[in-house]
Amino acid sequence: MKIWIDGYEANVPQRLGSSQVAFELLRNLEKIDHKNEYTILLPTPPLEDLPKERPGWKYQLLTIKRFKTLIAIPYALYTAKEKPDVFLSPTHYGPLFSPVKRVITIFDLAFLHFPGMFKLRDLLQLKLWTWICVKKAKHIVTISDFSKQDITAQYGVDGDYITVAYPGYDSSVFKPVKDRKEIEQIKQKYKITGSYIIYIGTIQPRKNLVRLIEAFSRASSSLSPLAQLKLVIVGKTTGLGREGWMFEETLNAPRKYGVEDKVIFTGFAPTEDLPYLLAGSQAFILPSLWEGFGITALEAMACAAPVIVSSVSSLPEIVGDAGVMVDPYSIEDITQGITAIIKDDKLRQKKIQLGLRRVKKFSWESCARETLEALERVAGAKR
């Protein structure tokens, strides 16, 4: 079977969210499958950490560099002498036109539920292109049962045409860190002193960081033994130097709530630093209003950090009883979640142990196998 894959998002130096999933999917498909033939489409040469070419695994540079889904990929598919049996887009958008069967990945439909949290141009594009891609795809891969149910409800897609392939985490990187000296060195790199809780992810409205900062300010003032507790926000820089989008309110919130000296925005942090930042924290917190999965919560549990997560969307499904659940719309509930995990060491240790067991259910290899099975079913099915 010949499989072509859109490798655009995997071939970027700073990976988070969809680009992380795309990269790990390629890495693990190359590892587990030497039977099928893969062609990975890229606009530029593959980065060093992508799998090396071998018989059955090659990269093809697109002759057209712009308008990926509208022109570049369709042109490559239509002009190919030997057409693939199936095309996979491990990103939100598939090629608009295609002479072969298409499988697309949809992570979540947050834009339908929180339209005011997206720039108008992005919102219109997401709505239009997602609708078109869903209608044209032979199959959809998503990352949680929650997202599967949402796709079914929003677009009327039969559940048999949707595969859930849970993301994983890199267990060689994300694991408990015992070396306090190394942890302190990484903390110094980001000018972090003392105890702290940590958020890792993009700075954008649906991550609910303004409410988090207000709740942190309340918790900090109520924790007299830990009045110096910090909140560390590791925010991904996306696009051309932008920290997420619609981020001004988040960046102004520490001053508004009187904790500007206790909230640290680190900007982007490389993957190799994250286990140390997580291991040095008192807790990881993800109070998001909507998550298709929440990989950072998984990585935090793997590093023996107790997690505080929202009680909505996919997070209860992923974290289970290993997390402290909070209502993301309630400042008081978020405050209580922070206070509980900081003040109650027995609770903290219990959640750490539950988290270490919980993460064993997830792996990138399983994600790749589930995706491969979906591709093989689509390729073998009648048009």
# chains A, B, ... in the order shown; residues from 1 in each chain; ligands from 1
$ closest_atom_pairs --of "segment 48-96 of chain A" --to "segment 23-36 of chain A" --cutoff "9 Å" --atoms "only C-alpha atoms" --output "Markdown table"
| residue | atom | partner | partner_atom | distance |
| --- | --- | --- | --- | --- |
| A:Asp49 | CA | A:Arg27 | CA | 8.9 |
| A:Leu50 | CA | A:Arg27 | CA | 6.7 |
| A:Pro51 | CA | A:Arg27 | CA | 6.0 |
| A:Pro55 | CA | A:His34 | CA | 8.6 |
| A:Gly56 | CA | A:Asn36 | CA | 6.6 |
| A:Trp57 | CA | A:Glu30 | CA | 7.2 |
| A:Pro90 | CA | A:Leu25 | CA | 8.1 |
$ write_last_selection --atoms "N, CA and C atoms" --output "PDB file, in the first residue's frame"
ATOM      1  N   ASP A  49      15.728  15.792  12.895  1.00  0.00           N
ATOM      2  CA  ASP A  49      15.135  14.805  13.792  1.00  0.00           C
ATOM      3  C   ASP A  49      13.978  14.025  13.184  1.00  0.00           C
ATOM      4  N   LEU A  50      13.610  14.336  11.943  1.00  0.00           N
ATOM      5  CA  LEU A  50      12.625  13.511  11.260  1.00  0.00           C
ATOM      6  C   LEU A  50      13.281  12.201  10.831  1.00  0.00           C
ATOM      7  N   PRO A  51      12.493  11.107  10.677  1.00  0.00           N
ATOM      8  CA  PRO A  51      13.089   9.828  10.273  1.00  0.00           C
ATOM      9  C   PRO A  51      13.890   9.952   8.977  1.00  0.00           C
ATOM     10  N   PRO A  55      14.346   2.609   1.991  1.00  0.00           N
ATOM     11  CA  PRO A  55      13.373   1.998   1.084  1.00  0.00           C
ATOM     12  C   PRO A  55      11.997   1.938   1.752  1.00  0.00           C
ATOM     13  N   GLY A  56      11.006   2.525   1.106  1.00  0.00           N
ATOM     14  CA  GLY A  56       9.669   2.544   1.671  1.00  0.00           C
ATOM     15  C   GLY A  56       9.356   3.798   2.475  1.00  0.00           C
ATOM     16  N   TRP A  57      10.354   4.667   2.654  1.00  0.00           N
ATOM     17  CA  TRP A  57      10.119   5.922   3.393  1.00  0.00           C
ATOM     18  C   TRP A  57      10.910   7.028   2.710  1.00  0.00           C
ATOM     19  N   PRO A  90      -2.360  14.794   8.897  1.00  0.00           N
ATOM     20  CA  PRO A  90      -2.347  14.733  10.363  1.00  0.00           C
ATOM     21  C   PRO A  90      -2.529  16.115  10.973  1.00  0.00           C
TER      22      PRO A  90
END
$ residues_around --residues "segment 317-334 of chain A" --least-positions-apart "2" --cutoff "10 Å" --atoms "only C-alpha atoms" --output "MDAnalysis selection string"
chainID A and resid 144:146 166 207:216 218:219 284:290 292:295 297:298 301 306:315 336:341 347:348 350:359 361:362
$ residues_around --residues "Phe118 of chain A" --least-positions-apart "6" --cutoff "12 Å" --atoms "only C-alpha atoms" --output "VMD selection string"
chain A and resid 109 to 112 124 to 127 204 to 206 244 to 247
$ write_last_selection --atoms "C-alpha atoms" --output "tab-separated table (two decimals), in the first residue's frame"
chain	number	residue	atom	x	y	z
A	109	LEU	CA	-14.00	21.92	17.45
A	110	ALA	CA	-13.34	24.70	19.94
A	111	PHE	CA	-13.92	27.30	17.22
A	112	LEU	CA	-17.59	26.26	16.99
A	124	LEU	CA	-14.22	31.89	8.99
A	125	GLN	CA	-11.42	29.75	7.57
A	126	LEU	CA	-11.83	27.10	10.26
A	127	LYS	CA	-15.57	26.89	9.78
A	204	GLN	CA	-4.83	32.13	24.03
A	205	PRO	CA	-8.29	32.87	25.47
A	206	ARG	CA	-9.67	29.33	25.72
A	244	GLY	CA	-0.59	32.75	20.72
A	245	TRP	CA	-3.38	35.15	19.84
A	246	MET	CA	-5.64	37.64	21.66
A	247	PHE	CA	-3.13	37.46	24.50
$ closest_residue --among "A:Gly7, A:Pro115, A:Gly168, A:Gly267" --to "Leu88 of chain A" --atoms "only C-alpha atoms"
A:Gly7
$ select_by_dssp --residues "segment 170-312 of chain A" --states "strand (DSSP E)" --output "list in words"
Tyr196, Ile197, Ile198, Tyr199, Ile200, Gly201, Thr202, Lys230, Leu231, Val232, Ile233, Val234, Gly235, Lys236, Thr237, Thr238, Arg242, Glu243, Val263, Ile264, Phe265, Ala283, Phe284, Ile285, Leu286, Val307, Ile308, Val309 and Ser310 of chain A
$ select_by_dssp --residues "segment 13-242 of chain A" --states "helix (DSSP H, G or I)" --output "tab-separated table (two decimals) with N, CA, C and O atoms, in the first residue's frame"
chain	number	residue	atom	x	y	z
A	18	SER	N	-0.75	20.31	17.65
A	18	SER	CA	-0.91	19.56	16.40
A	18	SER	C	0.43	19.24	15.73
A	18	SER	O	0.59	18.17	15.14
A	19	SER	N	1.39	20.15	15.82
A	19	SER	CA	2.70	19.87	15.21
A	19	SER	C	3.44	18.77	15.97
A	19	SER	O	4.16	17.96	15.38
A	20	GLN	N	3.23	18.70	17.27
A	20	GLN	CA	3.82	17.63	18.07
A	20	GLN	C	3.22	16.28	17.70
A	20	GLN	O	3.92	15.28	17.53
A	21	VAL	N	1.89	16.25	17.54
A	21	VAL	CA	1.21	15.02	17.15
A	21	VAL	C	1.69	14.57	15.77
A	21	VAL	O	1.99	13.40	15.55
A	22	ALA	N	1.77	15.51	14.83
A	22	ALA	CA	2.21	15.17	13.47
A	22	ALA	C	3.63	14.59	13.48
A	22	ALA	O	3.91	13.60	12.79
A	23	PHE	N	4.52	15.21	14.24
A	23	PHE	CA	5.91	14.73	14.31
A	23	PHE	C	5.99	13.33	14.90
A	23	PHE	O	6.64	12.43	14.35
A	24	GLU	N	5.33	13.12	16.03
A	24	GLU	CA	5.39	11.81	16.68
A	24	GLU	C	4.71	10.73	15.85
A	24	GLU	O	5.15	9.57	15.85
A	25	LEU	N	3.68	11.10	15.13
A	25	LEU	CA	3.01	10.14	14.26
A	25	LEU	C	3.96	9.66	13.16
A	25	LEU	O	4.09	8.45	12.91
A	26	LEU	N	4.67	10.59	12.52
A	26	LEU	CA	5.63	10.22	11.49
A	26	LEU	C	6.74	9.34	12.09
A	26	LEU	O	7.11	8.30	11.52
A	27	ARG	N	7.26	9.76	13.21
A	27	ARG	CA	8.36	9.03	13.84
A	27	ARG	C	7.97	7.59	14.16
A	27	ARG	O	8.76	6.65	13.95
A	28	ASN	N	6.76	7.41	14.64
A	28	ASN	CA	6.34	6.08	15.06
A	28	ASN	C	5.81	5.23	13.91
A	28	ASN	O	5.97	4.01	13.93
A	29	LEU	N	5.22	5.84	12.90
A	29	LEU	CA	4.84	5.07	11.71
A	29	LEU	C	6.08	4.50	11.04
A	29	LEU	O	6.10	3.34	10.61
A	30	GLU	N	7.12	5.32	10.94
A	30	GLU	CA	8.37	4.83	10.34
A	30	GLU	C	8.96	3.68	11.14
A	30	GLU	O	9.54	2.75	10.58
A	31	LYS	N	8.78	3.72	12.44
A	31	LYS	CA	9.34	2.70	13.32
A	31	LYS	C	8.59	1.37	13.23
A	31	LYS	O	9.20	0.30	13.19
A	32	ILE	N	7.25	1.45	13.20
A	32	ILE	CA	6.47	0.21	13.30
A	32	ILE	C	6.09	-0.41	11.97
A	32	ILE	O	5.72	-1.59	11.92
A	68	LYS	N	-1.10	25.48	0.32
A	68	LYS	CA	-0.87	24.05	0.50
A	68	LYS	C	-2.09	23.19	0.15
A	68	LYS	O	-2.00	22.29	-0.68
A	69	THR	N	-3.20	23.45	0.82
A	69	THR	CA	-4.36	22.58	0.65
A	69	THR	C	-5.16	22.90	-0.62
A	69	THR	O	-5.86	22.04	-1.14
A	70	LEU	N	-5.05	24.11	-1.09
A	70	LEU	CA	-5.81	24.52	-2.27
A	70	LEU	C	-5.11	24.15	-3.57
A	70	LEU	O	-5.76	23.71	-4.53
A	71	ILE	N	-3.77	24.30	-3.60
A	71	ILE	CA	-3.05	24.08	-4.86
A	71	ILE	C	-1.90	23.09	-4.73
A	71	ILE	O	-1.81	22.12	-5.49
A	72	ALA	N	-0.98	23.32	-3.78
A	72	ALA	CA	0.28	22.59	-3.74
A	72	ALA	C	0.10	21.07	-3.63
A	72	ALA	O	0.64	20.30	-4.44
A	73	ILE	N	-0.64	20.62	-2.62
A	73	ILE	CA	-0.82	19.17	-2.45
A	73	ILE	C	-1.72	18.58	-3.54
A	73	ILE	O	-1.39	17.52	-4.10
A	74	PRO	N	-2.86	19.21	-3.89
A	74	PRO	CA	-3.64	18.68	-5.00
A	74	PRO	C	-2.83	18.52	-6.29
A	74	PRO	O	-2.95	17.51	-6.99
A	75	TYR	N	-1.98	19.51	-6.58
A	75	TYR	CA	-1.14	19.42	-7.79
A	75	TYR	C	-0.22	18.19	-7.72
A	75	TYR	O	-0.07	17.46	-8.71
A	76	ALA	N	0.40	17.97	-6.56
A	76	ALA	CA	1.29	16.83	-6.40
A	76	ALA	C	0.53	15.51	-6.57
A	76	ALA	O	1.04	14.56	-7.19
A	77	LEU	N	-0.68	15.45	-6.06
A	77	LEU	CA	-1.46	14.22	-6.17
A	77	LEU	C	-1.91	13.96	-7.60
A	77	LEU	O	-1.82	12.83	-8.11
A	78	TYR	N	-2.40	14.98	-8.26
A	78	TYR	CA	-2.92	14.80	-9.62
A	78	TYR	C	-1.82	14.51	-10.63
A	78	TYR	O	-2.03	13.83	-11.63
A	79	THR	N	-0.61	15.04	-10.41
A	79	THR	CA	0.48	14.85	-11.38
A	79	THR	C	1.36	13.64	-11.06
A	79	THR	O	2.29	13.36	-11.82
A	110	ALA	N	-13.21	23.57	19.03
A	110	ALA	CA	-13.34	24.70	19.94
A	110	ALA	C	-13.87	25.94	19.22
A	110	ALA	O	-14.61	26.73	19.81
A	111	PHE	N	-13.52	26.10	17.96
A	111	PHE	CA	-13.92	27.30	17.22
A	111	PHE	C	-15.43	27.38	17.05
A	111	PHE	O	-15.98	28.47	16.90
A	112	LEU	N	-16.13	26.24	17.09
A	112	LEU	CA	-17.59	26.26	16.99
A	112	LEU	C	-18.24	26.64	18.32
A	112	LEU	O	-19.33	27.21	18.35
A	113	HIS	N	-17.58	26.31	19.41
A	113	HIS	CA	-18.14	26.53	20.73
A	113	HIS	C	-17.71	27.87	21.34
A	113	HIS	O	-18.42	28.42	22.19
A	115	PRO	N	-16.54	30.90	19.38
A	115	PRO	CA	-16.16	31.70	18.20
A	115	PRO	C	-15.55	33.05	18.55
A	115	PRO	O	-14.71	33.56	17.81
A	116	GLY	N	-15.96	33.63	19.70
A	116	GLY	CA	-15.44	34.94	20.08
A	116	GLY	C	-13.99	34.91	20.50
A	116	GLY	O	-13.38	35.97	20.67
A	117	MET	N	-13.42	33.71	20.68
A	117	MET	CA	-12.04	33.59	21.10
A	117	MET	C	-11.08	33.39	19.93
A	117	MET	O	-9.91	33.07	20.12
A	120	LEU	N	-11.47	36.84	13.50
A	120	LEU	CA	-12.54	36.62	12.53
A	120	LEU	C	-12.06	35.86	11.30
A	120	LEU	O	-12.73	34.92	10.85
A	121	ARG	N	-10.91	36.24	10.78
A	121	ARG	CA	-10.40	35.58	9.58
A	121	ARG	C	-10.13	34.10	9.86
A	121	ARG	O	-10.47	33.23	9.05
A	122	ASP	N	-9.50	33.81	11.02
A	122	ASP	CA	-9.22	32.42	11.37
A	122	ASP	C	-10.51	31.64	11.58
A	122	ASP	O	-10.61	30.47	11.18
A	123	LEU	N	-11.48	32.27	12.21
A	123	LEU	CA	-12.76	31.61	12.48
A	123	LEU	C	-13.46	31.23	11.19
A	123	LEU	O	-13.95	30.10	11.04
A	124	LEU	N	-13.54	32.17	10.26
A	124	LEU	CA	-14.22	31.89	8.99
A	124	LEU	C	-13.51	30.77	8.23
A	124	LEU	O	-14.16	29.90	7.64
A	125	GLN	N	-12.19	30.80	8.26
A	125	GLN	CA	-11.42	29.75	7.57
A	125	GLN	C	-11.64	28.40	8.22
A	125	GLN	O	-11.86	27.39	7.54
A	126	LEU	N	-11.61	28.36	9.54
A	126	LEU	CA	-11.83	27.10	10.26
A	126	LEU	C	-13.21	26.53	9.97
A	126	LEU	O	-13.36	25.33	9.71
A	127	LYS	N	-14.22	27.37	10.02
A	127	LYS	CA	-15.57	26.89	9.78
A	127	LYS	C	-15.74	26.35	8.36
A	127	LYS	O	-16.26	25.24	8.16
A	128	LEU	N	-15.30	27.12	7.39
A	128	LEU	CA	-15.48	26.73	5.99
A	128	LEU	C	-14.66	25.50	5.63
A	128	LEU	O	-15.18	24.50	5.12
A	129	TRP	N	-13.36	25.54	5.93
A	129	TRP	CA	-12.48	24.45	5.51
A	129	TRP	C	-12.75	23.16	6.28
A	129	TRP	O	-12.64	22.07	5.73
A	130	THR	N	-13.10	23.28	7.55
A	130	THR	CA	-13.40	22.07	8.30
A	130	THR	C	-14.64	21.39	7.73
A	130	THR	O	-14.67	20.16	7.55
A	131	TRP	N	-15.67	22.17	7.44
A	131	TRP	CA	-16.90	21.62	6.86
A	131	TRP	C	-16.60	20.91	5.54
A	131	TRP	O	-17.05	19.79	5.30
A	132	ILE	N	-15.81	21.58	4.68
A	132	ILE	CA	-15.47	20.98	3.38
A	132	ILE	C	-14.67	19.70	3.57
A	132	ILE	O	-14.95	18.67	2.94
A	133	CYS	N	-13.66	19.75	4.45
A	133	CYS	CA	-12.79	18.59	4.64
A	133	CYS	C	-13.54	17.40	5.23
A	133	CYS	O	-13.31	16.25	4.84
A	134	VAL	N	-14.44	17.67	6.16
A	134	VAL	CA	-15.24	16.59	6.75
A	134	VAL	C	-16.09	15.93	5.68
A	134	VAL	O	-16.21	14.70	5.63
A	135	LYS	N	-16.70	16.72	4.82
A	135	LYS	CA	-17.57	16.18	3.78
A	135	LYS	C	-16.81	15.38	2.73
A	135	LYS	O	-17.33	14.42	2.16
A	136	LYS	N	-15.56	15.77	2.46
A	136	LYS	CA	-14.79	15.11	1.41
A	136	LYS	C	-13.95	13.93	1.92
A	136	LYS	O	-13.53	13.08	1.13
A	145	ASP	N	-12.45	10.39	22.79
A	145	ASP	CA	-13.86	10.06	22.60
A	145	ASP	C	-14.71	11.31	22.67
A	145	ASP	O	-15.72	11.42	21.98
A	146	PHE	N	-14.29	12.25	23.51
A	146	PHE	CA	-15.02	13.51	23.61
A	146	PHE	C	-15.07	14.22	22.26
A	146	PHE	O	-16.14	14.67	21.82
A	147	SER	N	-13.92	14.33	21.59
A	147	SER	CA	-13.89	14.98	20.28
A	147	SER	C	-14.67	14.18	19.23
A	147	SER	O	-15.34	14.75	18.36
A	148	LYS	N	-14.61	12.86	19.32
A	148	LYS	CA	-15.37	12.01	18.39
A	148	LYS	C	-16.87	12.30	18.51
A	148	LYS	O	-17.56	12.48	17.51
A	149	GLN	N	-17.36	12.36	19.73
A	149	GLN	CA	-18.78	12.64	19.95
A	149	GLN	C	-19.16	14.03	19.47
A	149	GLN	O	-20.24	14.24	18.91
A	150	ASP	N	-18.25	14.98	19.64
A	150	ASP	CA	-18.52	16.35	19.20
A	150	ASP	C	-18.58	16.44	17.68
A	150	ASP	O	-19.44	17.12	17.12
A	151	ILE	N	-17.66	15.76	17.01
A	151	ILE	CA	-17.65	15.74	15.54
A	151	ILE	C	-18.93	15.11	15.02
A	151	ILE	O	-19.56	15.61	14.06
A	152	THR	N	-19.35	14.03	15.64
A	152	THR	CA	-20.59	13.37	15.24
A	152	THR	C	-21.79	14.30	15.42
A	152	THR	O	-22.65	14.41	14.53
A	153	ALA	N	-21.83	14.99	16.56
A	153	ALA	CA	-22.95	15.89	16.84
A	153	ALA	C	-22.97	17.10	15.91
A	153	ALA	O	-24.04	17.51	15.44
A	154	GLN	N	-21.79	17.67	15.62
A	154	GLN	CA	-21.73	18.90	14.85
A	154	GLN	C	-21.87	18.68	13.35
A	154	GLN	O	-22.42	19.53	12.64
A	155	TYR	N	-21.37	17.55	12.85
A	155	TYR	CA	-21.34	17.34	11.40
A	155	TYR	C	-22.15	16.13	10.94
A	155	TYR	O	-22.21	15.85	9.74
A	159	GLY	N	-20.24	7.45	13.61
A	159	GLY	CA	-19.09	7.12	14.45
A	159	GLY	C	-18.18	6.07	13.86
A	159	GLY	O	-16.99	6.01	14.20
A	160	ASP	N	-18.70	5.22	12.96
A	160	ASP	CA	-17.88	4.19	12.32
A	160	ASP	C	-16.82	4.79	11.41
A	160	ASP	O	-15.85	4.12	11.06
A	161	TYR	N	-17.01	6.05	11.03
A	161	TYR	CA	-16.07	6.72	10.14
A	161	TYR	C	-15.09	7.60	10.91
A	161	TYR	O	-14.40	8.43	10.32
A	180	ARG	N	18.16	17.32	42.08
A	180	ARG	CA	17.75	18.65	42.47
A	180	ARG	C	18.66	19.74	41.90
A	180	ARG	O	18.23	20.85	41.61
A	181	LYS	N	19.93	19.40	41.74
A	181	LYS	CA	20.89	20.37	41.21
A	181	LYS	C	20.51	20.76	39.77
A	181	LYS	O	20.52	21.94	39.41
A	182	GLU	N	20.17	19.76	38.96
A	182	GLU	CA	19.78	20.05	37.58
A	182	GLU	C	18.47	20.84	37.54
A	182	GLU	O	18.30	21.74	36.71
A	183	ILE	N	17.53	20.48	38.42
A	183	ILE	CA	16.27	21.22	38.48
A	183	ILE	C	16.53	22.69	38.81
A	183	ILE	O	15.98	23.60	38.17
A	184	GLU	N	17.40	22.95	39.78
A	184	GLU	CA	17.71	24.34	40.16
A	184	GLU	C	18.39	25.09	39.03
A	184	GLU	O	18.17	26.29	38.84
A	185	GLN	N	19.23	24.40	38.26
A	185	GLN	CA	19.90	25.06	37.14
A	185	GLN	C	18.89	25.52	36.08
A	185	GLN	O	19.00	26.63	35.54
A	186	ILE	N	17.91	24.67	35.80
A	186	ILE	CA	16.88	25.06	34.83
A	186	ILE	C	16.00	26.18	35.39
A	186	ILE	O	15.63	27.11	34.66
A	187	LYS	N	15.69	26.11	36.67
A	187	LYS	CA	14.92	27.19	37.28
A	187	LYS	C	15.66	28.52	37.16
A	187	LYS	O	15.05	29.56	36.84
A	188	GLN	N	16.95	28.50	37.40
A	188	GLN	CA	17.75	29.72	37.29
A	188	GLN	C	17.74	30.27	35.86
A	188	GLN	O	17.72	31.48	35.65
A	189	LYS	N	17.73	29.37	34.89
A	189	LYS	CA	17.70	29.77	33.49
A	189	LYS	C	16.48	30.65	33.20
A	189	LYS	O	16.54	31.60	32.42
A	205	PRO	N	-7.16	32.73	24.56
A	205	PRO	CA	-8.29	32.87	25.47
A	205	PRO	C	-8.86	31.57	26.03
A	205	PRO	O	-9.19	31.50	27.21
A	206	ARG	N	-9.00	30.52	25.20
A	206	ARG	CA	-9.67	29.33	25.72
A	206	ARG	C	-8.83	28.56	26.74
A	206	ARG	O	-9.34	27.65	27.39
A	207	LYS	N	-7.56	28.94	26.89
A	207	LYS	CA	-6.75	28.32	27.94
A	207	LYS	C	-7.11	28.87	29.33
A	207	LYS	O	-6.64	28.37	30.34
A	209	LEU	N	-6.42	31.59	31.05
A	209	LEU	CA	-5.32	32.03	31.90
A	209	LEU	C	-5.65	33.26	32.73
A	209	LEU	O	-5.06	33.46	33.81
A	210	VAL	N	-6.58	34.08	32.28
A	210	VAL	CA	-6.95	35.26	33.08
A	210	VAL	C	-7.62	34.80	34.37
A	210	VAL	O	-7.29	35.29	35.47
A	211	ARG	N	-8.56	33.85	34.27
A	211	ARG	CA	-9.17	33.32	35.48
A	211	ARG	C	-8.14	32.62	36.36
A	211	ARG	O	-8.17	32.70	37.59
A	212	LEU	N	-7.19	31.91	35.72
A	212	LEU	CA	-6.14	31.24	36.49
A	212	LEU	C	-5.34	32.25	37.30
A	212	LEU	O	-5.05	32.03	38.49
A	213	ILE	N	-4.97	33.37	36.68
A	213	ILE	CA	-4.16	34.38	37.37
A	213	ILE	C	-4.95	35.01	38.53
A	213	ILE	O	-4.40	35.23	39.61
A	214	GLU	N	-6.24	35.25	38.31
A	214	GLU	CA	-7.05	35.79	39.41
A	214	GLU	C	-7.15	34.78	40.55
A	214	GLU	O	-7.01	35.12	41.72
A	215	ALA	N	-7.38	33.50	40.19
A	215	ALA	CA	-7.47	32.46	41.22
A	215	ALA	C	-6.14	32.30	41.95
A	215	ALA	O	-6.11	32.13	43.18
A	216	PHE	N	-5.06	32.37	41.20
A	216	PHE	CA	-3.73	32.27	41.82
A	216	PHE	C	-3.51	33.41	42.81
A	216	PHE	O	-2.95	33.21	43.89
A	217	SER	N	-3.95	34.60	42.45
A	217	SER	CA	-3.77	35.74	43.36
A	217	SER	C	-4.52	35.51	44.67
A	217	SER	O	-4.02	35.85	45.74
A	218	ARG	N	-5.70	34.92	44.60
A	218	ARG	CA	-6.48	34.62	45.80
A	218	ARG	C	-5.80	33.51	46.61
A	218	ARG	O	-5.69	33.61	47.84
A	219	ALA	N	-5.36	32.45	45.92
A	219	ALA	CA	-4.71	31.34	46.62
A	219	ALA	C	-3.42	31.80	47.28
A	219	ALA	O	-3.13	31.44	48.42
A	220	SER	N	-2.67	32.63	46.57
A	220	SER	CA	-1.39	33.10	47.09
A	220	SER	C	-1.58	33.91	48.37
A	220	SER	O	-0.82	33.77	49.33
A	221	SER	N	-2.63	34.73	48.40
A	221	SER	CA	-2.86	35.56	49.59
A	221	SER	C	-3.39	34.75	50.77
A	221	SER	O	-3.24	35.13	51.92
A	222	SER	N	-4.00	33.58	50.46
A	222	SER	CA	-4.55	32.75	51.53
A	222	SER	C	-3.55	31.73	52.06
A	222	SER	O	-3.76	31.12	53.09
A	224	SER	N	-0.56	31.65	53.69
A	224	SER	CA	0.45	32.40	54.42
A	224	SER	C	1.78	31.67	54.57
A	224	SER	O	2.84	32.31	54.47
A	225	PRO	N	1.80	30.33	54.73
A	225	PRO	CA	3.10	29.66	54.80
A	225	PRO	C	3.84	29.68	53.46
A	225	PRO	O	5.05	29.52	53.40
A	226	LEU	N	3.07	29.84	52.36
A	226	LEU	CA	3.68	29.82	51.03
A	226	LEU	C	3.33	31.10	50.27
A	226	LEU	O	2.95	31.07	49.11
$ atom_distance --atom1 "atom CA of Pro176 of chain A" --atom2 "atom CA of Lys343 of chain A"
21.7 Å
$ residues_around --residues "Tyr190 of chain A" --least-positions-apart "4" --cutoff "12 Å" --atoms "only C-alpha atoms" --output "list in words"
Ile183, Glu184, Gln185, Ile186, Val232, Ile233, Val234, Val263, Ile264, Phe265, Thr266, Gly267, Phe268, Ala269, Pro270, Asp273, Leu274, Tyr276 and Leu277 of chain A
$ decode --residues "segment 210-214 of chain A" --atoms "all heavy atoms" --output "CSV table (one decimal), in the first residue's frame"
chain,number,residue,atom,x,y,z
A,210,VAL,N,-6.6,34.1,32.3
A,210,VAL,CA,-6.9,35.3,33.1
A,210,VAL,C,-7.6,34.8,34.4
A,210,VAL,O,-7.3,35.3,35.5
A,210,VAL,CB,-7.9,36.2,32.3
A,210,VAL,CG1,-8.4,37.3,33.2
A,210,VAL,CG2,-7.1,36.8,31.1
A,211,ARG,N,-8.6,33.8,34.3
A,211,ARG,CA,-9.2,33.3,35.5
A,211,ARG,C,-8.1,32.6,36.4
A,211,ARG,O,-8.2,32.7,37.6
A,211,ARG,CB,-10.3,32.3,35.1
A,211,ARG,CG,-11.6,33.0,34.7
A,211,ARG,CD,-12.7,32.0,34.7
A,211,ARG,NE,-14.0,32.6,34.2
A,211,ARG,CZ,-14.4,32.5,32.9
A,211,ARG,NH1,-13.6,31.8,32.0
A,211,ARG,NH2,-15.5,33.0,32.5
A,212,LEU,N,-7.2,31.9,35.7
A,212,LEU,CA,-6.1,31.2,36.5
A,212,LEU,C,-5.3,32.3,37.3
A,212,LEU,O,-5.1,32.0,38.5
A,212,LEU,CB,-5.2,30.5,35.5
A,212,LEU,CG,-3.9,29.9,36.2
A,212,LEU,CD1,-4.2,29.0,37.4
A,212,LEU,CD2,-3.0,29.3,35.1
A,213,ILE,N,-5.0,33.4,36.7
A,213,ILE,CA,-4.2,34.4,37.4
A,213,ILE,C,-4.9,35.0,38.5
A,213,ILE,O,-4.4,35.2,39.6
A,213,ILE,CB,-3.7,35.4,36.4
A,213,ILE,CG1,-2.7,34.8,35.4
A,213,ILE,CG2,-3.1,36.6,37.1
A,213,ILE,CD1,-2.3,35.6,34.2
A,214,GLU,N,-6.2,35.3,38.3
A,214,GLU,CA,-7.1,35.8,39.4
A,214,GLU,C,-7.2,34.8,40.5
A,214,GLU,O,-7.0,35.1,41.7
A,214,GLU,CB,-8.4,36.2,38.9
A,214,GLU,CG,-9.3,36.8,40.0
A,214,GLU,CD,-10.7,37.2,39.5
A,214,GLU,OE1,-11.0,37.1,38.3
A,214,GLU,OE2,-11.5,37.7,40.4
